[in-house]
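Okay, model-v7.cif is below, mmCIF, C-alpha atoms and all ligand atoms:
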data_upload
#
loop_
_atom_site.group_PDB
_atom_site.id
_atom_site.type_symbol
_atom_site.label_atom_id
_atom_site.label_comp_id
_atom_site.auth_asym_id
_atom_site.auth_seq_id
_atom_site.Cartn_x
_atom_site.Cartn_y
_atom_site.Cartn_z
ATOM 1 C CA MET A 1 0.000 0.000 0.000
ATOM 2 C CA ASN A 2 1.330 3.437 -0.961
ATOM 3 C CA LEU A 3 0.667 5.151 2.353
ATOM 4 C CA LEU A 4 2.827 2.716 4.285
ATOM 5 C CA ASP A 5 5.555 2.852 1.645
ATOM 6 C CA ASP A 6 5.703 6.627 1.964
ATOM 7 C CA LEU A 7 6.010 6.472 5.726
ATOM 8 C CA ARG A 8 8.554 3.643 5.889
ATOM 9 C CA VAL A 9 12.250 4.548 6.077
ATOM 10 C CA ARG A 10 14.295 2.277 3.830
ATOM 11 C CA PRO A 11 17.257 0.486 5.397
ATOM 12 C CA GLY A 12 20.275 2.756 5.492
ATOM 13 C CA ALA A 13 18.311 5.755 4.185
ATOM 14 C CA ALA A 14 18.191 9.064 6.021
ATOM 15 C CA PRO A 15 14.647 9.813 7.207
ATOM 16 C CA ARG A 16 15.095 13.465 6.083
ATOM 17 C CA LEU A 17 12.638 14.824 8.588
ATOM 18 C CA ASP A 18 12.969 18.304 7.070
ATOM 19 C CA HIS A 19 11.513 16.957 3.830
ATOM 20 C CA ARG A 20 8.530 15.331 5.538
ATOM 21 C CA ASP A 21 5.510 17.478 6.349
ATOM 22 C CA PRO A 22 4.384 16.934 9.976
ATOM 23 C CA GLY A 23 1.074 18.551 9.024
ATOM 24 C CA ALA A 24 0.297 16.097 6.211
ATOM 25 C CA ARG A 25 -3.173 14.585 6.468
ATOM 26 C CA LEU A 26 -2.613 11.117 5.146
ATOM 27 C CA GLY A 27 -4.828 8.116 4.751
ATOM 28 C CA ALA A 28 -8.174 9.821 4.052
ATOM 29 C CA ASP A 29 -9.681 12.741 2.140
ATOM 30 C CA SER A 30 -11.260 14.425 5.138
ATOM 31 C CA LYS A 31 -11.350 14.159 8.909
ATOM 32 C CA SER A 32 -14.778 12.496 8.886
ATOM 33 C CA ASP A 33 -13.609 9.911 6.331
ATOM 34 C CA GLY A 34 -10.482 9.430 8.415
ATOM 35 C CA LEU A 35 -12.413 8.813 11.613
ATOM 36 C CA GLU A 36 -14.687 6.343 9.853
ATOM 37 C CA ARG A 37 -11.686 4.472 8.463
ATOM 38 C CA LEU A 38 -10.020 4.532 11.888
ATOM 39 C CA GLY A 39 -13.156 2.980 13.421
ATOM 40 C CA LYS A 40 -12.920 0.068 10.976
ATOM 41 C CA LEU A 41 -9.198 -0.411 11.608
ATOM 42 C CA VAL A 42 -9.701 -0.341 15.381
ATOM 43 C CA GLU A 43 -12.304 -3.087 14.986
ATOM 44 C CA ARG A 44 -10.020 -5.125 12.723
ATOM 45 C CA LEU A 45 -7.165 -4.721 15.186
ATOM 46 C CA GLY A 46 -9.409 -6.204 17.880
ATOM 47 C CA VAL A 47 -10.117 -9.273 15.721
ATOM 48 C CA LEU A 48 -6.470 -9.800 14.756
ATOM 49 C CA GLN A 49 -5.271 -9.334 18.327
ATOM 50 C CA ASN A 50 -7.786 -11.903 19.520
ATOM 51 C CA ARG A 51 -6.376 -14.391 16.996
ATOM 52 C CA LEU A 52 -2.797 -13.578 17.977
ATOM 53 C CA TYR A 53 -3.691 -14.170 21.623
ATOM 54 C CA ALA A 54 -5.551 -17.408 20.896
ATOM 55 C CA GLU A 55 -2.708 -18.674 18.719
ATOM 56 C CA GLY A 56 -0.238 -17.882 21.526
ATOM 57 C CA ARG A 57 2.894 -18.437 19.453
ATOM 58 C CA ARG A 58 3.987 -15.008 18.251
ATOM 59 C CA SER A 59 3.890 -11.428 19.457
ATOM 60 C CA LEU A 60 4.076 -7.892 18.147
ATOM 61 C CA LEU A 61 6.006 -4.984 19.571
ATOM 62 C CA LEU A 62 5.105 -1.390 18.728
ATOM 63 C CA VAL A 63 7.812 1.113 19.648
ATOM 64 C CA LEU A 64 6.499 4.665 19.950
ATOM 65 C CA GLN A 65 8.943 7.549 19.978
ATOM 66 C CA GLY A 66 8.540 11.272 19.428
ATOM 67 C CA MET A 67 9.195 14.665 20.930
ATOM 68 C CA ASP A 68 7.152 15.789 23.931
ATOM 69 C CA ALA A 69 3.440 16.193 23.128
ATOM 70 C CA SER A 70 3.780 14.373 19.800
ATOM 71 C CA GLY A 71 0.852 12.167 20.789
ATOM 72 C CA LYS A 72 2.208 8.873 22.098
ATOM 73 C CA ASP A 73 -0.505 8.704 24.779
ATOM 74 C CA GLY A 74 -3.179 9.730 22.267
ATOM 75 C CA VAL A 75 -2.191 6.943 19.873
ATOM 76 C CA ILE A 76 -2.352 4.345 22.638
ATOM 77 C CA ARG A 77 -5.766 5.591 23.773
ATOM 78 C CA SER A 78 -7.346 5.753 20.299
ATOM 79 C CA VAL A 79 -5.749 3.011 18.250
ATOM 80 C CA PHE A 80 -6.024 0.349 20.954
ATOM 81 C CA ALA A 81 -9.582 1.253 21.971
ATOM 82 C CA GLY A 82 -10.920 -2.041 20.569
ATOM 83 C CA VAL A 83 -8.221 -4.338 21.879
ATOM 84 C CA ASN A 84 -8.697 -6.751 24.766
ATOM 85 C CA PRO A 85 -6.433 -5.408 27.575
ATOM 86 C CA GLN A 86 -5.722 -9.010 28.573
ATOM 87 C CA GLY A 87 -3.556 -9.541 25.506
ATOM 88 C CA CYS A 88 -1.921 -6.165 25.477
ATOM 89 C CA ARG A 89 0.934 -4.733 27.528
ATOM 90 C CA VAL A 90 1.834 -1.029 27.643
ATOM 91 C CA GLU A 91 5.273 -0.204 28.997
ATOM 92 C CA ALA A 92 6.397 3.380 29.625
ATOM 93 C CA PHE A 93 10.115 3.986 29.928
ATOM 94 C CA ASN A 94 11.133 6.696 32.329
ATOM 95 C CA VAL A 95 14.563 7.835 33.514
ATOM 96 C CA PRO A 96 16.439 4.621 34.447
ATOM 97 C CA THR A 97 16.610 3.662 38.126
ATOM 98 C CA SER A 98 19.924 2.992 39.846
ATOM 99 C CA GLU A 99 19.253 -0.734 39.396
ATOM 100 C CA ASP A 100 18.675 -0.213 35.653
ATOM 101 C CA LEU A 101 21.891 1.766 35.416
ATOM 102 C CA ALA A 102 23.786 -1.022 37.138
ATOM 103 C CA HIS A 103 23.095 -3.152 34.026
ATOM 104 C CA ASP A 104 23.494 -2.778 30.282
ATOM 105 C CA PHE A 105 20.952 -0.449 28.629
ATOM 106 C CA LEU A 106 18.858 -3.282 27.174
ATOM 107 C CA TRP A 107 18.437 -5.162 30.433
ATOM 108 C CA ARG A 108 15.289 -3.345 31.547
ATOM 109 C CA VAL A 109 13.932 -3.340 27.999
ATOM 110 C CA HIS A 110 14.206 -7.056 27.330
ATOM 111 C CA ALA A 111 12.335 -7.844 30.550
ATOM 112 C CA ARG A 112 9.365 -5.790 29.364
ATOM 113 C CA CYS A 113 9.013 -7.215 25.855
ATOM 114 C CA PRO A 114 5.696 -8.868 24.998
ATOM 115 C CA ALA A 115 5.166 -12.545 25.769
ATOM 116 C CA ARG A 116 3.904 -14.915 23.070
ATOM 117 C CA GLY A 117 0.359 -13.980 22.104
ATOM 118 C CA GLU A 118 0.703 -10.392 23.313
ATOM 119 C CA ILE A 119 0.906 -7.018 21.674
ATOM 120 C CA GLY A 120 3.487 -4.893 23.486
ATOM 121 C CA ILE A 121 3.456 -1.113 23.246
ATOM 122 C CA PHE A 122 6.559 0.788 24.258
ATOM 123 C CA ASN A 123 5.789 4.382 25.241
ATOM 124 C CA ARG A 124 9.410 5.503 24.804
ATOM 125 C CA SER A 125 11.939 2.701 24.627
ATOM 126 C CA HIS A 126 15.568 1.692 24.192
ATOM 127 C CA TYR A 127 15.790 4.538 21.666
ATOM 128 C CA GLU A 128 15.999 6.949 24.608
ATOM 129 C CA ASP A 129 19.442 5.426 25.123
ATOM 130 C CA VAL A 130 20.662 6.846 21.816
ATOM 131 C CA VAL A 131 18.529 10.013 21.810
ATOM 132 C CA ALA A 132 17.897 11.460 25.300
ATOM 133 C CA VAL A 133 21.187 10.044 26.574
ATOM 134 C CA ARG A 134 23.065 11.644 23.691
ATOM 135 C CA VAL A 135 21.338 15.045 23.818
ATOM 136 C CA ARG A 136 21.524 15.325 27.599
ATOM 137 C CA LYS A 137 25.117 14.091 27.525
ATOM 138 C CA LEU A 138 24.433 11.268 29.968
ATOM 139 C CA ALA A 139 27.029 9.070 28.274
ATOM 140 C CA ASP A 140 30.012 9.643 26.008
ATOM 141 C CA GLU A 141 29.711 9.283 22.264
ATOM 142 C CA SER A 142 32.019 6.260 22.492
ATOM 143 C CA VAL A 143 29.247 4.584 24.536
ATOM 144 C CA TRP A 144 26.018 5.623 22.794
ATOM 145 C CA SER A 145 27.372 5.335 19.239
ATOM 146 C CA LYS A 146 27.971 1.593 19.716
ATOM 147 C CA ARG A 147 24.382 1.119 20.788
ATOM 148 C CA TYR A 148 22.908 1.329 17.274
ATOM 149 C CA ALA A 149 24.473 -1.994 16.366
ATOM 150 C CA HIS A 150 23.378 -3.525 19.670
ATOM 151 C CA ILE A 151 19.820 -2.335 19.060
ATOM 152 C CA VAL A 152 19.751 -3.825 15.555
ATOM 153 C CA ALA A 153 21.070 -7.138 16.912
ATOM 154 C CA PHE A 154 18.612 -7.096 19.841
ATOM 155 C CA GLU A 155 15.648 -6.491 17.564
ATOM 156 C CA ARG A 156 16.865 -9.281 15.272
ATOM 157 C CA LEU A 157 16.873 -11.591 18.273
ATOM 158 C CA LEU A 158 13.283 -10.621 19.076
ATOM 159 C CA ILE A 159 12.218 -11.203 15.477
ATOM 160 C CA ASP A 160 13.997 -14.569 15.242
ATOM 161 C CA GLU A 161 12.212 -15.644 18.405
ATOM 162 C CA GLY A 162 8.739 -14.707 17.121
ATOM 163 C CA THR A 163 8.184 -11.015 17.854
ATOM 164 C CA SER A 164 7.375 -8.645 14.996
ATOM 165 C CA VAL A 165 8.888 -5.241 15.619
ATOM 166 C CA VAL A 166 7.284 -2.041 14.317
ATOM 167 C CA LYS A 167 8.788 1.336 15.136
ATOM 168 C CA VAL A 168 6.935 4.617 14.822
ATOM 169 C CA PHE A 169 8.351 8.097 15.091
ATOM 170 C CA LEU A 170 5.590 10.651 15.659
ATOM 171 C CA HIS A 171 6.751 13.634 13.639
ATOM 172 C CA GLU A 172 5.367 16.921 14.956
ATOM 173 C CA SER A 173 6.320 20.507 14.159
ATOM 174 C CA LYS A 174 7.876 22.862 16.664
ATOM 175 C CA GLU A 175 4.904 25.220 16.434
ATOM 176 C CA VAL A 176 2.360 22.475 17.140
ATOM 177 C CA GLN A 177 4.464 21.325 20.082
ATOM 178 C CA ARG A 178 4.337 24.876 21.435
ATOM 179 C CA LYS A 179 0.538 24.921 21.155
ATOM 180 C CA ARG A 180 0.158 21.527 22.800
ATOM 181 C CA LEU A 181 2.503 22.382 25.672
ATOM 182 C CA GLN A 182 0.666 25.690 26.194
ATOM 183 C CA GLU A 183 -2.609 23.777 26.274
ATOM 184 C CA ARG A 184 -1.169 21.556 29.002
ATOM 185 C CA VAL A 185 -0.244 24.606 31.055
ATOM 186 C CA ASP A 186 -3.655 26.239 30.554
ATOM 187 C CA ASP A 187 -5.891 23.199 31.116
ATOM 188 C CA PRO A 188 -6.046 22.109 34.786
ATOM 189 C CA GLU A 189 -6.928 18.553 33.641
ATOM 190 C CA LYS A 190 -3.748 18.341 31.558
ATOM 191 C CA ARG A 191 -1.382 20.383 33.741
ATOM 192 C CA TRP A 192 -0.026 17.304 35.528
ATOM 193 C CA LYS A 193 1.539 16.210 32.253
ATOM 194 C CA PHE A 194 3.669 19.326 31.982
ATOM 195 C CA ARG A 195 7.138 19.267 33.531
ATOM 196 C CA VAL A 196 9.368 22.305 33.639
ATOM 197 C CA GLY A 197 12.078 20.060 32.160
ATOM 198 C CA ASP A 198 9.941 19.851 28.994
ATOM 199 C CA LEU A 199 11.084 23.397 28.233
ATOM 200 C CA ASP A 200 14.752 22.376 28.464
ATOM 201 C CA ASP A 201 14.087 19.631 25.923
ATOM 202 C CA ARG A 202 12.199 22.080 23.711
ATOM 203 C CA ALA A 203 15.188 24.425 23.792
ATOM 204 C CA LYS A 204 17.239 21.512 22.448
ATOM 205 C CA TRP A 205 14.802 20.829 19.587
ATOM 206 C CA ASN A 206 17.513 20.751 16.920
ATOM 207 C CA GLU A 207 19.753 18.409 18.907
ATOM 208 C CA PHE A 208 16.845 16.005 19.463
ATOM 209 C CA ARG A 209 15.987 16.136 15.771
ATOM 210 C CA ARG A 210 19.566 15.342 14.826
ATOM 211 C CA ALA A 211 19.703 12.461 17.295
ATOM 212 C CA TYR A 212 16.446 11.038 15.895
ATOM 213 C CA GLU A 213 17.677 11.445 12.304
ATOM 214 C CA ASP A 214 20.765 9.397 13.125
ATOM 215 C CA ALA A 215 18.970 6.784 15.228
ATOM 216 C CA ILE A 216 16.321 6.147 12.578
ATOM 217 C CA ARG A 217 18.868 5.958 9.754
ATOM 218 C CA GLU A 218 21.080 3.551 11.708
ATOM 219 C CA THR A 219 18.329 1.187 12.862
ATOM 220 C CA SER A 220 15.629 1.023 10.169
ATOM 221 C CA THR A 221 15.896 -2.484 8.743
ATOM 222 C CA HIS A 222 13.795 -4.653 6.409
ATOM 223 C CA THR A 223 12.501 -6.674 9.311
ATOM 224 C CA ALA A 224 12.219 -3.897 11.928
ATOM 225 C CA PRO A 225 11.425 -0.774 9.918
ATOM 226 C CA TRP A 226 10.873 2.753 11.170
ATOM 227 C CA PHE A 227 7.776 4.631 10.054
ATOM 228 C CA VAL A 228 7.751 8.422 10.237
ATOM 229 C CA VAL A 229 4.143 9.423 10.927
ATOM 230 C CA PRO A 230 3.001 13.047 10.502
ATOM 231 C CA ALA A 231 1.713 13.939 13.954
ATOM 232 C CA ASP A 232 0.381 17.495 13.832
ATOM 233 C CA HIS A 233 -3.198 16.290 13.245
ATOM 234 C CA ASN A 234 -4.418 13.776 15.788
ATOM 235 C CA TRP A 235 -6.899 11.946 13.576
ATOM 236 C CA SER A 236 -4.485 11.442 10.695
ATOM 237 C CA ARG A 237 -1.699 10.418 13.084
ATOM 238 C CA ASN A 238 -3.941 7.786 14.701
ATOM 239 C CA LEU A 239 -5.122 6.562 11.330
ATOM 240 C CA CYS A 240 -1.561 6.094 10.043
ATOM 241 C CA VAL A 241 -0.490 4.146 13.136
ATOM 242 C CA ALA A 242 -3.612 1.970 12.903
ATOM 243 C CA GLU A 243 -2.850 1.247 9.211
ATOM 244 C CA ILE A 244 0.711 0.296 10.079
ATOM 245 C CA LEU A 245 -0.363 -2.040 12.872
ATOM 246 C CA VAL A 246 -3.167 -3.710 10.998
ATOM 247 C CA GLY A 247 -0.780 -4.148 8.047
ATOM 248 C CA ALA A 248 1.798 -5.824 10.297
ATOM 249 C CA LEU A 249 -0.781 -8.137 11.862
ATOM 250 C CA GLU A 250 -2.358 -9.032 8.511
ATOM 251 C CA ARG A 251 1.095 -10.100 7.344
ATOM 252 C CA LEU A 252 1.438 -12.301 10.431
ATOM 253 C CA ASP A 253 -1.990 -13.731 9.692
ATOM 254 C CA PRO A 254 -2.518 -15.302 13.134
ATOM 255 C CA LYS A 255 -4.923 -18.243 13.318
ATOM 256 C CA VAL A 256 -7.128 -19.401 16.153
ATOM 257 C CA PRO A 257 -6.180 -22.964 17.202
ATOM 258 C CA PRO A 258 -8.290 -25.844 15.860
ATOM 259 C CA ALA A 259 -11.250 -26.913 17.985
ATOM 260 C CA ASP A 260 -11.219 -30.226 19.821
ATOM 261 C CA PRO A 261 -12.392 -33.090 17.569
ATOM 262 C CA GLY A 262 -16.148 -33.356 17.518
ATOM 263 C CA VAL A 263 -16.803 -29.824 18.754
ATOM 264 C CA ALA A 264 -17.985 -28.415 15.408
ATOM 265 C CA GLY A 265 -21.750 -28.890 15.170
ATOM 266 C CA LEU A 266 -22.079 -30.028 18.771
ATOM 267 C CA VAL A 267 -25.377 -29.124 20.389
ATOM 268 C CA VAL A 268 -24.841 -28.078 23.995
ATOM 269 C CA PRO A 269 -27.527 -29.742 26.153
HETATM 270 P P1 LIG B 1 6.418 11.318 28.784
HETATM 271 O O1 LIG B 1 7.156 12.591 28.477
HETATM 272 O O2 LIG B 1 6.756 10.206 27.820
HETATM 273 O O3 LIG B 1 4.946 11.509 28.951
HETATM 274 P P2 LIG B 1 7.652 11.450 31.345
HETATM 275 O O4 LIG B 1 7.226 12.869 31.468
HETATM 276 O O5 LIG B 1 7.518 10.531 32.527
HETATM 277 O O6 LIG B 1 6.920 10.731 30.158
HETATM 278 O O7 LIG B 1 9.157 11.465 30.826
HETATM 279 C C1 LIG B 1 9.946 10.372 30.787
HETATM 280 C C2 LIG B 1 11.371 10.904 30.693
HETATM 281 O O8 LIG B 1 12.259 9.826 30.883
HETATM 282 C C3 LIG B 1 11.679 11.555 29.367
HETATM 283 O O9 LIG B 1 12.246 12.826 29.569
HETATM 284 C C4 LIG B 1 12.706 10.600 28.762
HETATM 285 O O10 LIG B 1 13.668 11.254 27.951
HETATM 286 C C5 LIG B 1 13.342 10.017 29.999
HETATM 287 N N1 LIG B 1 13.995 8.738 29.735
HETATM 288 C C6 LIG B 1 13.415 7.575 29.362
HETATM 289 N N2 LIG B 1 14.360 6.629 29.166
HETATM 290 C C7 LIG B 1 15.547 7.200 29.406
HETATM 291 C C8 LIG B 1 16.885 6.739 29.371
HETATM 292 N N3 LIG B 1 17.174 5.479 29.028
HETATM 293 N N4 LIG B 1 17.851 7.599 29.697
HETATM 294 C C9 LIG B 1 17.562 8.867 30.032
HETATM 295 N N5 LIG B 1 16.331 9.368 30.070
HETATM 296 C C10 LIG B 1 15.325 8.556 29.761
#
Rewrite the coordinates I just gave you, this time as structure tokens.
Amino acid sequence: MNLLDDLRVRPGAAPRLDHRDPGARLGADSKSDGLERLGKLVERLGVLQNRLYAEGRRSLLLVLQGMDASGKDGVIRSVFAGVNPQGCRVEAFNVPTSEDLAHDFLWRVHARCPARGEIGIFNRSHYEDVVAVRVRKLADESVWSKRYAHIVAFERLLIDEGTSVVKVFLHESKEVQRKRLQERVDDPEKRWKFRVGDLDDRAKWNEFRRAYEDAIRETSTHTAPWFVVPADHNWSRNLCVAEILVGALERLDPKVPPADPGVAGLVVP
């Protein structure tokens, strides 16, 4: 499908974020068409997840990355609205604890990967270890630059062992981030989400962009591709992520296990 091809970053290619419009409305002609299409995809995702769970052999991992207020929470809320929480695991990655830091950077990540039959959603991920760590100078370049290869190898391990890996970068503009952060400050229901540190990160916008450019170029592979999703419009952003996920699950084509012999046609007394 063309939409997914446009969003996917080819292995070794630069994502060229400057050439991608964060305000693009992709996947539908209008917002109402988009919401209708999203409704169908959400339903389909529910069916496919149920089969994946019943099959219990493989799993899917969605990695969500993006600048502050790019909509990671919104995607999780909308796209997974029709999914049975029993077969779904959302993991948010915060600043590492001292125990995390006493291990290699993938230690805490591996432990939170989806089990067979599950869909795992990473709200931030091991990519913080080559983005936030780099921009905030929490490790030397000699340390973080080696991590790209470790990440590629780690994701290959997951894939070889039955986990499909899909990575989404929510691409928002600096102006839309400003509006969304201001909204958080102004709305008492959203204020808890705003941290003063968000402004420090915003001041380093260009450094974050550069770090993402490099991380995406170094780690987009045939089997674990990155998708750059325009994220300035919520409905189109959600629609694109839903298309990507449904596409990945359709390719897996999970099957419910066969019934016990003699069950088909049985009349329950
Ligand atoms: P969010 O902004 O995703 O809603 P928080 O406000 O709790 O969530 O922020 C989580 C913070 O943890 C982010 O600033 C992120 O950069 C940071 N973080 C996550 N993983 C790491 C890591 N491995 N190293 C350093 N910082 C990290």
| Of the candidates A:Asp198, A:Asp104, A:Glu161, A:Asp253, which shows the shortest atom-to-atom distance to ligand LIG 1 (chain B), using all atoms listed in the file? |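 Closest residue, counting all atoms listed in the file: A:Asp198.
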| said: Which residue is closest to Glu155 of chain A? Choose from A:Arg184, A:Lys167, A:Arg202, A:Lys174 and count all atoms listed in the file. | reply: A:Lys167
| query | Quick one: residues within 7 Å of Arg124 of chain A, all atoms listed in the file counted, chain neighbours fewer than 2 positions away excluded, as a list in words? | reply |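 Skipping anything fewer than 2 positions along the chain leaves Val63, Leu64, Gln65, Ala92, Phe93, Phe122 and Glu128 of chain A.
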| Test item: residues lying within 8 Å of ligand LIG 1 (chain B) with all atoms listed in the file, as a PyMOL selection string | chain A and resi 68-69+72-73+92-96+105+123-129+131-133+136+138+193-195+197-198+201
C-alpha atoms of the current selection, written as a CSV table (one decimal), keeping the file's coordinate frame:
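Dumped everything to part-v2.csv:
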chain,number,residue,atom,x,y,z
A,68,ASP,CA,7.2,15.8,23.9
A,69,ALA,CA,3.4,16.2,23.1
A,72,LYS,CA,2.2,8.9,22.1
A,73,ASP,CA,-0.5,8.7,24.8
A,92,ALA,CA,6.4,3.4,29.6
A,93,PHE,CA,10.1,4.0,29.9
A,94,ASN,CA,11.1,6.7,32.3
A,95,VAL,CA,14.6,7.8,33.5
A,96,PRO,CA,16.4,4.6,34.4
A,105,PHE,CA,21.0,-0.4,28.6
A,123,ASN,CA,5.8,4.4,25.2
A,124,ARG,CA,9.4,5.5,24.8
A,125,SER,CA,11.9,2.7,24.6
A,126,HIS,CA,15.6,1.7,24.2
A,127,TYR,CA,15.8,4.5,21.7
A,128,GLU,CA,16.0,6.9,24.6
A,129,ASP,CA,19.4,5.4,25.1
A,131,VAL,CA,18.5,10.0,21.8
A,132,ALA,CA,17.9,11.5,25.3
A,133,VAL,CA,21.2,10.0,26.6
A,136,ARG,CA,21.5,15.3,27.6
A,138,LEU,CA,24.4,11.3,30.0
A,193,LYS,CA,1.5,16.2,32.3
A,194,PHE,CA,3.7,19.3,32.0
A,195,ARG,CA,7.1,19.3,33.5
A,197,GLY,CA,12.1,20.1,32.2
A,198,ASP,CA,9.9,19.9,29.0
A,201,ASP,CA,14.1,19.6,25.9
| task | Give me the result of the PyMOL selection byres (((chain A and resi 246) around 8) and not hetatm) on this file, residue by residue, as a PyMOL selection string. | result | chain A and resi 41+44-45+48+242-245+247-250
Mind writing the picked residues with C-alpha atoms as a compact mmCIF listing (two decimals), in the coordinates of the input?
# COMPACT_ATOMS: atom_id res chain seq x y z
CA LEU A 41 -9.20 -0.41 11.61
CA ARG A 44 -10.02 -5.12 12.72
CA LEU A 45 -7.16 -4.72 15.19
CA LEU A 48 -6.47 -9.80 14.76
CA ALA A 242 -3.61 1.97 12.90
CA GLU A 243 -2.85 1.25 9.21
CA ILE A 244 0.71 0.30 10.08
CA LEU A 245 -0.36 -2.04 12.87
CA GLY A 247 -0.78 -4.15 8.05
CA ALA A 248 1.80 -5.82 10.30
CA LEU A 249 -0.78 -8.14 11.86
CA GLU A 250 -2.36 -9.03 8.51
| said: For this structure, which residues satisfy the selection - the PyMOL selection byres (((chain A and resi 163) around 9) and not hetatm) - when it is evaluated on the file as given? I want them as a list in words. | reply: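 Selected by the PyMOL selection byres (((chain A and resi 163) around 9) and not hetatm) here: Arg58, Ser59, Leu60, Leu61, Cys113, Pro114, Ala115, Arg116, Glu155, Leu157, Leu158, Ile159, Asp160, Glu161, Gly162, Ser164 and Val165 of chain A.
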| request: May I ask which of the residues A:Ser98, A:Gly39, A:Val168, A:Tyr148 is the closest one to Pro225 of chain A, counting only C-alpha atoms? | output: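 When distances to Pro225 of chain A are compared using only C-alpha atoms, the smallest one comes from A:Val168.
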| Residues in the PyMOL selection byres (((chain A and resi 18) around 12) and not hetatm), expressed as a VMD selection string | chain A and resid 14 to 17 19 to 22 171 to 174 206 209 to 210 212 to 213 228 230
| request: Go ahead and compute the interatomic distance for atom CA of Glu218 of chain A and atom CA of Glu91 of chain A, in Å to one decimal. | output: 23.7 Å
| Separation of atom CA of Leu7 of chain A from atom CA of Glu141 of chain A, in Å and rounded to one decimal |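 Distance between the two atoms: 29.0 Å.
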| request: One decimal, Å: what's the distance from atom CA of Leu3 of chain A over to atom CA of Tyr53 of chain A, could you say? | output: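 Between these atoms lies a distance of 27.6 Å.
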Residues at most 9 Å from Leu239 of chain A, counting all atoms listed in the file, excluding those fewer than 2 positions away in the same chain, as an mmCIF file with C-alpha atoms, in the frame of the given file?
data_model
loop_
_atom_site.group_PDB
_atom_site.id
_atom_site.type_symbol
_atom_site.label_atom_id
_atom_site.label_comp_id
_atom_site.auth_asym_id
_atom_site.auth_seq_id
_atom_site.Cartn_x
_atom_site.Cartn_y
_atom_site.Cartn_z
ATOM 1 C CA LEU A 26 -2.613 11.117 5.146
ATOM 2 C CA GLY A 27 -4.828 8.116 4.751
ATOM 3 C CA ALA A 28 -8.174 9.821 4.052
ATOM 4 C CA GLY A 34 -10.482 9.430 8.415
ATOM 5 C CA LEU A 35 -12.413 8.813 11.613
ATOM 6 C CA ARG A 37 -11.686 4.472 8.463
ATOM 7 C CA LEU A 38 -10.020 4.532 11.888
ATOM 8 C CA LEU A 41 -9.198 -0.411 11.608
ATOM 9 C CA VAL A 79 -5.749 3.011 18.250
ATOM 10 C CA ASN A 234 -4.418 13.776 15.788
ATOM 11 C CA TRP A 235 -6.899 11.946 13.576
ATOM 12 C CA SER A 236 -4.485 11.442 10.695
ATOM 13 C CA ARG A 237 -1.699 10.418 13.084
ATOM 14 C CA VAL A 241 -0.490 4.146 13.136
ATOM 15 C CA ALA A 242 -3.612 1.970 12.903
ATOM 16 C CA GLU A 243 -2.850 1.247 9.211
ATOM 17 C CA ILE A 244 0.711 0.296 10.079
#
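Across A:Asp232, A:Asp214, A:Asp6, A:Glu207, the tightest approach to Glu175 of chain A is made by A:Asp232 when counting all atoms listed in the file.
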Could you work out an axis-aligned bounding box for all listed atoms of segment 64-72 of chain A, with 6 Å added on each of the six sides, and give its centre and edge lengths in Å to one decimal, as JSON?
{"center_x": 5.0, "center_y": 10.4, "center_z": 21.7, "size_x": 20.3, "size_y": 23.5, "size_z": 16.5}
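Shortest atom-to-atom contact with Ala203 of chain A among A:Leu266, A:Val135, A:Ile216, A:Ala153: A:Val135, counting all atoms listed in the file.
Using all atoms listed in the file, the nearest neighbour of Asn50 of chain A within the list A:Lys255, A:Arg112, A:Arg10, A:Arg178 is A:Lys255.
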Residues near Ala81 of chain A, anyone? I mean within 9 Å using all atoms listed in the file, not counting same-chain ones fewer than 3 positions away, as a PDB file with C-alpha atoms, in the frame of the given file.
ATOM      1  CA  VAL A  42      -9.701  -0.341  15.381  1.00  0.00           C
ATOM      2  CA  GLU A  43     -12.304  -3.087  14.986  1.00  0.00           C
ATOM      3  CA  GLY A  46      -9.409  -6.204  17.880  1.00  0.00           C
ATOM      4  CA  ILE A  76      -2.352   4.345  22.638  1.00  0.00           C
ATOM      5  CA  ARG A  77      -5.766   5.591  23.773  1.00  0.00           C
ATOM      6  CA  SER A  78      -7.346   5.753  20.299  1.00  0.00           C
ATOM      7  CA  ASN A  84      -8.697  -6.751  24.766  1.00  0.00           C
TER       8      ASN A  84
END
